[in-house]
Amino acid sequence: MDAFDAIPDPVVIDILNKVGDVKTLIRCRSVSKRFNSLATQSDSLLLQLDQILGTTDSDPEIYSPIAGFFRSLFKSIHGFLPIFPKPADPAEILTRSPKTPAQILVGFERIRNLEVELYGGDVKLEKGAAVKWKAEFGKTLKSCVIVAFRSATVNTTPATTAAVVDGAVESDSEFVCGLKTRVVWTISALMAASTRHYLMRDLVKDHKDMEKLTVRDREGEGTVVMDAAGMKEYRETEAREDDKGIERVGERTVVPSVRMSMRHAPSLMLKSGICLEAATLVVVRPTGLASDDNDAELVTEAFAGDGGDCMYGEAVTALLKRRRNVLEMNSF
């Protein structure tokens, strides 16, 4: 027995929880029988899909079924053994062709908090434009906060406070100008969010003890969150519909009819000296649900991690002071 074998299991599990990365934990399962049993008891995980789903430069044919058969045949002849599959190595999950999140996490039965990191963002924008969003889901969309702008330029004389360059009051004509682009940004963000929600469907159904699920991308474009109540609602809805599932369009969850509170500034100067053109803030909720009066609370919660020194945090604070325009959109 070495010194590590003397460490109690709860301490080892706590160490593995600090590791968190699913790729590393799956490899740990191959170290020993003890690690194989303990690694799957981690309850706080980070799943980076780009690493596990095969975005490396390795030859894809290495793991093809045909290549696998000939490797088995060669090994069997070489060792004078019959051709029977050997027990699966947990680490092989990392090298096989793309798996769903639920398939990758087979064996991890005690997940409480899961973060899923995607390779990149989903919204396709014109050059120079940017969008950042956060959506909360249960059985379907509960809310979505979107902030976007067409371009950002640096002013050599920073303002002492965030200010709207074109004046404090926006006219109707100014709001209508560029409205089509802002609606496209909104729809694109909602479609990206509903696609991520759909991707997690089996994972949510399989892990009934999970308390929080966060799906984000490496570029920081968008985030989908589901809490314990939202995931329970999703599972109960699936059960009530007798395995028919939530209505979906293609590879995404249907977005319900929504009410959008949109605020816009043709040109917004931030304290940092950055000027945002066509700065837009949109708060989306399903029609008939919460009042629009708590926009500030929802926006602040969505961008709580983007403090006053952050461009997005500063932008939403300034945009909340702008006139609110309400639009409605049918389910899609």
# chains A, B, ... in the order shown; residues from 1 in each chain; ligands from 1
call {"tool": "residues_around", "arguments": {"residues": "stretch 190-195 of chain A", "least_positions_apart": "4", "cutoff": "8 Å", "atoms": "only C-alpha atoms", "output": "ChimeraX atom specification"}}
result
/A:122-123,135,141,144,186,199,222-224,251-255
call {"tool": "residues_around", "arguments": {"residues": "A:Gly220", "least_positions_apart": "4", "cutoff": "9 Å", "atoms": "only C-alpha atoms", "output": "PyMOL selection string"}}
result
chain A and resi 120-121+132-133+216
call {"tool": "write_last_selection", "arguments": {"atoms": "all heavy atoms", "output": "short mmCIF file (atom, residue, chain, number, x, y, z; two decimals), in the first residue's frame"}}
result
data_model
loop_
_atom_site.label_atom_id
_atom_site.label_comp_id
_atom_site.auth_asym_id
_atom_site.auth_seq_id
_atom_site.Cartn_x
_atom_site.Cartn_y
_atom_site.Cartn_z
N GLY A 120 -17.99 26.98 -29.50
CA GLY A 120 -18.12 28.38 -29.93
C GLY A 120 -19.57 28.82 -29.90
O GLY A 120 -20.47 28.06 -29.58
N GLY A 121 -19.80 30.09 -30.25
CA GLY A 121 -21.14 30.64 -30.26
C GLY A 121 -21.95 30.16 -31.45
O GLY A 121 -21.42 29.57 -32.39
N LYS A 132 -24.63 39.15 -26.64
CA LYS A 132 -24.42 38.37 -25.42
C LYS A 132 -25.81 38.13 -24.82
O LYS A 132 -26.61 39.05 -24.72
CB LYS A 132 -23.55 39.15 -24.43
CG LYS A 132 -23.06 38.34 -23.22
CD LYS A 132 -22.18 39.20 -22.34
CE LYS A 132 -21.62 38.44 -21.14
NZ LYS A 132 -20.59 37.47 -21.52
N TRP A 133 -26.08 36.87 -24.43
CA TRP A 133 -27.42 36.55 -23.93
C TRP A 133 -27.36 35.51 -22.83
O TRP A 133 -26.39 34.77 -22.69
CB TRP A 133 -28.32 36.06 -25.07
CG TRP A 133 -27.77 34.91 -25.87
CD1 TRP A 133 -27.02 34.98 -27.02
CD2 TRP A 133 -27.90 33.51 -25.57
NE1 TRP A 133 -26.68 33.72 -27.46
CE2 TRP A 133 -27.22 32.79 -26.59
CE3 TRP A 133 -28.53 32.79 -24.58
CZ2 TRP A 133 -27.15 31.40 -26.62
CZ3 TRP A 133 -28.47 31.40 -24.59
CH2 TRP A 133 -27.79 30.72 -25.61
N ARG A 216 -22.82 26.87 -21.66
CA ARG A 216 -22.24 28.10 -22.18
C ARG A 216 -21.26 27.76 -23.30
O ARG A 216 -20.95 26.59 -23.52
CB ARG A 216 -21.53 28.88 -21.08
CG ARG A 216 -20.51 28.07 -20.30
CD ARG A 216 -19.91 28.87 -19.15
NE ARG A 216 -19.12 28.06 -18.24
CZ ARG A 216 -17.89 27.65 -18.45
NH1 ARG A 216 -17.27 27.98 -19.58
NH2 ARG A 216 -17.25 26.92 -17.56
#
call {"tool": "closest_residue", "arguments": {"among": "A:Ala318, A:Met311, A:Ser143, A:Gly138", "to": "A:Asn294", "atoms": "only C-alpha atoms"}}
result
A:Ser143
call {"tool": "atom_distance", "arguments": {"atom1": "atom CA of A:Met231", "atom2": "atom CA of A:Leu25"}}
result
24.8 Å
call {"tool": "atom_distance", "arguments": {"atom1": "atom CA of A:Val283", "atom2": "atom CA of A:Asp295"}}
result
6.8 Å
call {"tool": "residues_around", "arguments": {"residues": "A:Val282", "least_positions_apart": "2", "cutoff": "7 Å", "atoms": "only C-alpha atoms", "output": "MDAnalysis selection string"}}
result
chainID A and resid 145:147 260:263 280 284
call {"tool": "closest_residue", "arguments": {"among": "A:Arg259, A:Arg34, A:Lys271, A:His207", "to": "A:Phe4", "atoms": "only C-alpha atoms"}}
result
A:Arg34
call {"tool": "select_by_dssp", "arguments": {"residues": "stretch 130-289 of chain A", "states": "strand (DSSP E)", "output": "ChimeraX atom specification"}}
result
/A:130-137,141-149,151-154,163-164,212-217,222-227,248-249,252-253,258-269,274-286
call {"tool": "residues_around", "arguments": {"residues": "A:Trp185", "least_positions_apart": "2", "cutoff": "10 Å", "atoms": "only C-alpha atoms", "output": "ChimeraX atom specification"}}
result
/A:123-125,129-131,146-149,179-183,187-190,280,282
call {"tool": "closest_residue", "arguments": {"among": "A:Lys134, A:Arg324, A:Lys212, A:Arg196", "to": "A:Glu115", "atoms": "only C-alpha atoms"}}
result
A:Lys212
